[in-house]
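Engineer: Following this line is structure_38.cif, made up of mmCIF, N, CA and C atoms:
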```cif
data_structure
#
loop_
_atom_site.label_atom_id
_atom_site.label_comp_id
_atom_site.auth_asym_id
_atom_site.auth_seq_id
_atom_site.Cartn_x
_atom_site.Cartn_y
_atom_site.Cartn_z
N HIS M 249 -4.44 -23.28 -3.70
CA HIS M 249 -5.24 -23.53 -4.89
C HIS M 249 -5.12 -22.36 -5.86
N PRO M 250 -5.05 -22.61 -7.15
CA PRO M 250 -4.97 -21.51 -8.12
C PRO M 250 -6.20 -20.60 -8.01
N GLY M 251 -5.96 -19.30 -8.08
CA GLY M 251 -7.04 -18.33 -8.01
C GLY M 251 -7.49 -17.98 -6.61
N GLN M 252 -7.04 -18.73 -5.61
CA GLN M 252 -7.44 -18.45 -4.23
C GLN M 252 -6.59 -17.31 -3.68
N ARG M 253 -7.22 -16.39 -3.00
CA ARG M 253 -6.54 -15.22 -2.43
C ARG M 253 -6.32 -15.40 -0.94
N HIS M 254 -5.22 -14.86 -0.44
CA HIS M 254 -4.92 -14.90 0.98
C HIS M 254 -4.44 -13.50 1.37
N LEU M 255 -5.13 -12.89 2.33
CA LEU M 255 -4.80 -11.53 2.75
C LEU M 255 -4.70 -11.51 4.26
N VAL M 256 -3.63 -10.91 4.76
CA VAL M 256 -3.43 -10.75 6.20
C VAL M 256 -3.43 -9.26 6.50
N VAL M 257 -4.25 -8.84 7.46
CA VAL M 257 -4.33 -7.44 7.86
C VAL M 257 -3.89 -7.35 9.32
N THR M 258 -2.97 -6.42 9.61
CA THR M 258 -2.51 -6.21 10.98
C THR M 258 -2.58 -4.72 11.31
N ALA M 259 -2.63 -4.41 12.59
CA ALA M 259 -2.61 -3.03 13.06
C ALA M 259 -1.76 -2.98 14.32
N GLU M 260 -0.95 -1.93 14.43
CA GLU M 260 -0.09 -1.78 15.61
C GLU M 260 0.16 -0.30 15.89
N PRO M 261 0.24 0.08 17.17
CA PRO M 261 0.57 1.46 17.50
C PRO M 261 2.04 1.72 17.20
N VAL M 262 2.33 2.92 16.68
CA VAL M 262 3.70 3.32 16.35
C VAL M 262 3.87 4.82 16.60
N ALA M 263 5.11 5.27 16.64
CA ALA M 263 5.39 6.70 16.72
C ALA M 263 5.35 7.25 15.30
N LEU M 264 4.77 8.43 15.16
CA LEU M 264 4.68 9.07 13.85
C LEU M 264 4.99 10.55 14.02
N GLY M 265 6.22 10.93 13.74
CA GLY M 265 6.61 12.33 13.84
C GLY M 265 6.38 12.93 15.22
N GLY M 266 6.72 12.21 16.26
CA GLY M 266 6.55 12.71 17.62
C GLY M 266 5.15 12.54 18.18
N ARG M 267 4.27 11.94 17.41
CA ARG M 267 2.90 11.69 17.85
C ARG M 267 2.63 10.19 17.86
N GLN M 268 1.56 9.82 18.50
CA GLN M 268 1.13 8.42 18.49
C GLN M 268 0.41 8.17 17.17
N GLY M 269 0.73 7.07 16.52
CA GLY M 269 0.10 6.71 15.26
C GLY M 269 -0.35 5.27 15.27
N LEU M 270 -1.07 4.90 14.22
CA LEU M 270 -1.51 3.52 14.04
C LEU M 270 -1.08 3.08 12.65
N LYS M 271 -0.34 1.97 12.60
CA LYS M 271 0.13 1.42 11.33
C LYS M 271 -0.74 0.21 10.98
N ILE M 272 -1.42 0.30 9.84
CA ILE M 272 -2.26 -0.79 9.36
C ILE M 272 -1.57 -1.36 8.13
N SER M 273 -1.40 -2.67 8.11
CA SER M 273 -0.70 -3.32 7.00
C SER M 273 -1.58 -4.39 6.37
N TRP M 274 -1.53 -4.47 5.04
CA TRP M 274 -2.21 -5.51 4.28
C TRP M 274 -1.13 -6.27 3.54
N ARG M 275 -1.11 -7.59 3.68
CA ARG M 275 -0.10 -8.41 3.02
C ARG M 275 -0.79 -9.54 2.27
N ASP M 276 -0.36 -9.74 1.02
CA ASP M 276 -0.90 -10.86 0.25
C ASP M 276 0.23 -11.73 -0.27
N ARG M 277 -0.13 -12.81 -0.89
CA ARG M 277 0.85 -13.74 -1.48
C ARG M 277 0.72 -13.75 -3.00
N GLY M 278 0.32 -12.62 -3.54
CA GLY M 278 0.09 -12.52 -4.98
C GLY M 278 1.37 -12.43 -5.78
N PRO M 279 1.24 -11.99 -7.04
CA PRO M 279 2.40 -11.96 -7.94
C PRO M 279 3.42 -10.88 -7.60
N GLY M 280 3.08 -9.91 -6.78
CA GLY M 280 4.03 -8.86 -6.41
C GLY M 280 4.24 -7.86 -7.53
N PHE M 281 5.02 -6.84 -7.22
CA PHE M 281 5.36 -5.79 -8.18
C PHE M 281 6.76 -6.03 -8.72
N THR M 282 6.99 -5.67 -9.97
CA THR M 282 8.35 -5.64 -10.48
C THR M 282 9.04 -4.42 -9.86
N ALA M 283 10.34 -4.32 -9.97
CA ALA M 283 11.07 -3.17 -9.43
C ALA M 283 10.58 -1.87 -10.08
N GLU M 284 10.35 -1.88 -11.39
CA GLU M 284 9.88 -0.68 -12.09
C GLU M 284 8.48 -0.30 -11.62
N ALA M 285 7.59 -1.28 -11.52
CA ALA M 285 6.22 -0.99 -11.10
C ALA M 285 6.20 -0.47 -9.66
N LEU M 286 7.02 -1.02 -8.80
CA LEU M 286 7.09 -0.56 -7.41
C LEU M 286 7.56 0.89 -7.34
N GLN M 287 8.54 1.24 -8.15
CA GLN M 287 9.06 2.60 -8.18
C GLN M 287 8.02 3.59 -8.69
N ARG M 288 7.12 3.15 -9.55
CA ARG M 288 6.14 4.05 -10.18
C ARG M 288 4.73 3.89 -9.59
N ALA M 289 4.57 3.09 -8.56
CA ALA M 289 3.25 2.71 -8.04
C ALA M 289 2.34 3.88 -7.71
N PHE M 290 2.87 5.00 -7.23
CA PHE M 290 2.04 6.13 -6.83
C PHE M 290 1.89 7.18 -7.94
N GLU M 291 2.46 6.94 -9.11
CA GLU M 291 2.33 7.89 -10.23
C GLU M 291 0.91 7.84 -10.79
N PRO M 292 0.34 9.02 -11.08
CA PRO M 292 -1.00 9.03 -11.70
C PRO M 292 -0.98 8.31 -13.05
N PHE M 293 -2.00 7.52 -13.29
CA PHE M 293 -2.26 6.79 -14.53
C PHE M 293 -1.30 5.65 -14.80
N PHE M 294 -0.40 5.33 -13.86
CA PHE M 294 0.46 4.16 -14.05
C PHE M 294 -0.32 2.92 -13.61
N THR M 295 -0.35 1.92 -14.45
CA THR M 295 -1.02 0.67 -14.11
C THR M 295 -0.33 -0.49 -14.81
N THR M 296 -0.45 -1.65 -14.25
CA THR M 296 0.06 -2.86 -14.89
C THR M 296 -1.10 -3.72 -15.38
N LYS M 297 -2.32 -3.23 -15.19
CA LYS M 297 -3.52 -3.99 -15.56
C LYS M 297 -4.23 -3.29 -16.71
N HIS M 298 -4.75 -4.06 -17.62
CA HIS M 298 -5.40 -3.51 -18.81
C HIS M 298 -6.74 -2.85 -18.51
N GLU M 299 -7.44 -3.31 -17.48
CA GLU M 299 -8.78 -2.79 -17.20
C GLU M 299 -8.80 -1.66 -16.18
N ASN M 300 -7.67 -1.22 -15.67
CA ASN M 300 -7.63 -0.16 -14.66
C ASN M 300 -7.12 1.15 -15.25
N VAL M 301 -7.42 2.25 -14.55
CA VAL M 301 -6.99 3.56 -15.00
C VAL M 301 -5.68 3.98 -14.35
N GLY M 302 -5.33 3.41 -13.22
CA GLY M 302 -4.07 3.76 -12.56
C GLY M 302 -4.17 4.94 -11.64
N LEU M 303 -5.31 5.14 -11.00
CA LEU M 303 -5.45 6.26 -10.07
C LEU M 303 -5.61 5.82 -8.62
N GLY M 304 -5.87 4.56 -8.36
CA GLY M 304 -6.15 4.09 -7.01
C GLY M 304 -5.06 4.39 -6.00
N LEU M 305 -3.83 4.01 -6.28
CA LEU M 305 -2.75 4.26 -5.33
C LEU M 305 -2.37 5.74 -5.27
N THR M 306 -2.56 6.46 -6.37
CA THR M 306 -2.31 7.90 -6.36
C THR M 306 -3.28 8.60 -5.41
N VAL M 307 -4.55 8.23 -5.48
CA VAL M 307 -5.56 8.82 -4.59
C VAL M 307 -5.27 8.43 -3.14
N CYS M 308 -4.93 7.17 -2.90
CA CYS M 308 -4.59 6.73 -1.54
C CYS M 308 -3.42 7.53 -0.98
N TYR M 309 -2.38 7.70 -1.78
CA TYR M 309 -1.19 8.45 -1.36
C TYR M 309 -1.58 9.86 -0.94
N LYS M 310 -2.38 10.52 -1.79
CA LYS M 310 -2.78 11.90 -1.50
C LYS M 310 -3.61 11.98 -0.22
N LEU M 311 -4.58 11.10 -0.05
CA LEU M 311 -5.44 11.12 1.14
C LEU M 311 -4.65 10.86 2.41
N VAL M 312 -3.77 9.87 2.38
CA VAL M 312 -2.98 9.54 3.56
C VAL M 312 -2.08 10.72 3.95
N HIS M 313 -1.42 11.32 2.98
CA HIS M 313 -0.53 12.45 3.27
C HIS M 313 -1.30 13.70 3.71
N GLU M 314 -2.49 13.92 3.16
CA GLU M 314 -3.31 15.06 3.59
C GLU M 314 -3.74 14.93 5.05
N HIS M 315 -3.77 13.71 5.56
CA HIS M 315 -4.15 13.48 6.95
C HIS M 315 -2.94 13.29 7.85
N GLY M 316 -1.75 13.67 7.37
CA GLY M 316 -0.54 13.61 8.18
C GLY M 316 0.06 12.23 8.31
N GLY M 317 -0.29 11.34 7.40
CA GLY M 317 0.20 9.97 7.48
C GLY M 317 1.24 9.62 6.44
N GLU M 318 1.56 8.35 6.41
CA GLU M 318 2.55 7.82 5.47
C GLU M 318 2.00 6.54 4.86
N ILE M 319 2.39 6.26 3.62
CA ILE M 319 2.03 5.01 2.96
C ILE M 319 3.26 4.48 2.25
N GLU M 320 3.47 3.18 2.34
CA GLU M 320 4.60 2.57 1.65
C GLU M 320 4.21 1.17 1.19
N ILE M 321 4.92 0.72 0.18
CA ILE M 321 4.67 -0.60 -0.39
C ILE M 321 5.97 -1.39 -0.36
N ASP M 322 5.89 -2.62 0.14
CA ASP M 322 7.00 -3.57 0.07
C ASP M 322 6.53 -4.70 -0.84
N SER M 323 7.32 -5.05 -1.83
CA SER M 323 6.88 -6.09 -2.75
C SER M 323 8.07 -6.72 -3.45
N GLN M 324 7.90 -7.99 -3.77
CA GLN M 324 8.88 -8.71 -4.57
C GLN M 324 8.10 -9.60 -5.52
N PRO M 325 8.51 -9.62 -6.80
CA PRO M 325 7.82 -10.48 -7.75
C PRO M 325 7.74 -11.93 -7.26
N GLN M 326 6.58 -12.50 -7.41
CA GLN M 326 6.27 -13.89 -7.04
C GLN M 326 6.24 -14.16 -5.54
N HIS M 327 6.39 -13.12 -4.71
CA HIS M 327 6.40 -13.31 -3.26
C HIS M 327 5.37 -12.45 -2.53
N GLY M 328 4.55 -11.72 -3.27
CA GLY M 328 3.50 -10.95 -2.64
C GLY M 328 3.85 -9.50 -2.39
N THR M 329 2.87 -8.80 -1.83
CA THR M 329 2.97 -7.37 -1.61
C THR M 329 2.43 -7.02 -0.23
N ALA M 330 3.04 -6.04 0.39
CA ALA M 330 2.54 -5.50 1.65
C ALA M 330 2.38 -4.00 1.48
N VAL M 331 1.22 -3.48 1.87
CA VAL M 331 0.97 -2.04 1.86
C VAL M 331 0.82 -1.63 3.31
N HIS M 332 1.57 -0.61 3.71
CA HIS M 332 1.57 -0.12 5.08
C HIS M 332 1.06 1.32 5.10
N VAL M 333 0.01 1.57 5.85
CA VAL M 333 -0.53 2.92 6.00
C VAL M 333 -0.42 3.29 7.47
N THR M 334 0.25 4.40 7.74
CA THR M 334 0.39 4.89 9.12
C THR M 334 -0.31 6.24 9.20
N LEU M 335 -1.23 6.35 10.16
CA LEU M 335 -1.98 7.58 10.36
C LEU M 335 -1.84 8.04 11.81
N PRO M 336 -1.84 9.36 12.03
CA PRO M 336 -1.78 9.84 13.42
C PRO M 336 -3.07 9.52 14.15
N MET M 337 -2.94 9.24 15.45
CA MET M 337 -4.10 8.99 16.27
C MET M 337 -4.73 10.35 16.63
N ALA M 338 -6.02 10.37 16.75
CA ALA M 338 -6.72 11.59 17.12
C ALA M 338 -6.42 11.92 18.58
N THR M 339 -6.27 13.19 18.86
CA THR M 339 -6.08 13.62 20.24
C THR M 339 -7.43 14.06 20.79
N THR M 340 -7.68 13.72 22.04
CA THR M 340 -8.98 14.08 22.63
C THR M 340 -8.80 15.05 23.77
#
```
So, in terms of structure tokens, how does the structure I just supplied come out?

Structural biologist:
Amino acid sequence: HPGQRHLVVTAEPVALGGRQGLKISWRDRGPGFTAEALQRAFEPFFTTKHENVGLGLTVCYKLVHEHGGEIEIDSQPQHGTAVHVTLPMATT
């Protein structure tokens, strides 16, 4: 249906730089990113929306990397987007 959103969230254990990590992925069936937007997605103040400031993904990138993790985006126009965040597991 038009306007209806579909989001799939998954989590799986993975290796992250010689440590145990957890990869959490969010996938939608939305409009996706263009090649240019995907290349610039983590740049401060870059946005494709008129009502946004363009800091959300920049802040996410910084937080994930400050915690020893990785973030990546897979996207194709008209086929949706997947955001993958991998963080190290805490050692006890």

Engineer: Just the number, please: distance in Å from atom C of Val262 of chain M to atom CA of Ala285 of chain M, one decimal.

Structural biologist: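 According to the coordinates, atom C of Val262 of chain M and atom CA of Ala285 of chain M are separated by 28.4 Å.
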
Engineer: Once DSSP has gone over the backbone, tell me which residues of chain M are in helix (DSSP H, G or I), as a list of chain:residue names.

Structural biologist: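 Matching residues for helix (DSSP H, G or I) in chain M are M:Ala283, M:Glu284, M:Ala285, M:Leu286, M:Gln287, M:Arg288, M:Gly304, M:Leu305, M:Thr306, M:Val307, M:Cys308, M:Tyr309, M:Lys310, M:Leu311, M:Val312, M:His313, M:Glu314.
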
Engineer: Which residues are close to Leu303 of chain M, i.e. within 7 Å by only C-alpha atoms, leaving aside same-chain residues fewer than 4 positions away? Reply as a list in words.

Structural biologist: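 Using only C-alpha atoms, the neighbours found are Pro292, Phe293 and Val307 of chain M.
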
Engineer: If the PyMOL selection byres ((chain M and resi 333) around 8) is run on the structure shown, which residues does it catch, given as a PyMOL selection string?

Structural biologist: chain M and resi 270-274+312+317-321+330-332+334-336

Engineer: Could you check how far atom CA of Ser323 of chain M sits from atom CA of Leu286 of chain M, in Å to one decimal?

Structural biologist: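 Atom CA of Ser323 of chain M sits 7.2 Å away from atom CA of Leu286 of chain M.
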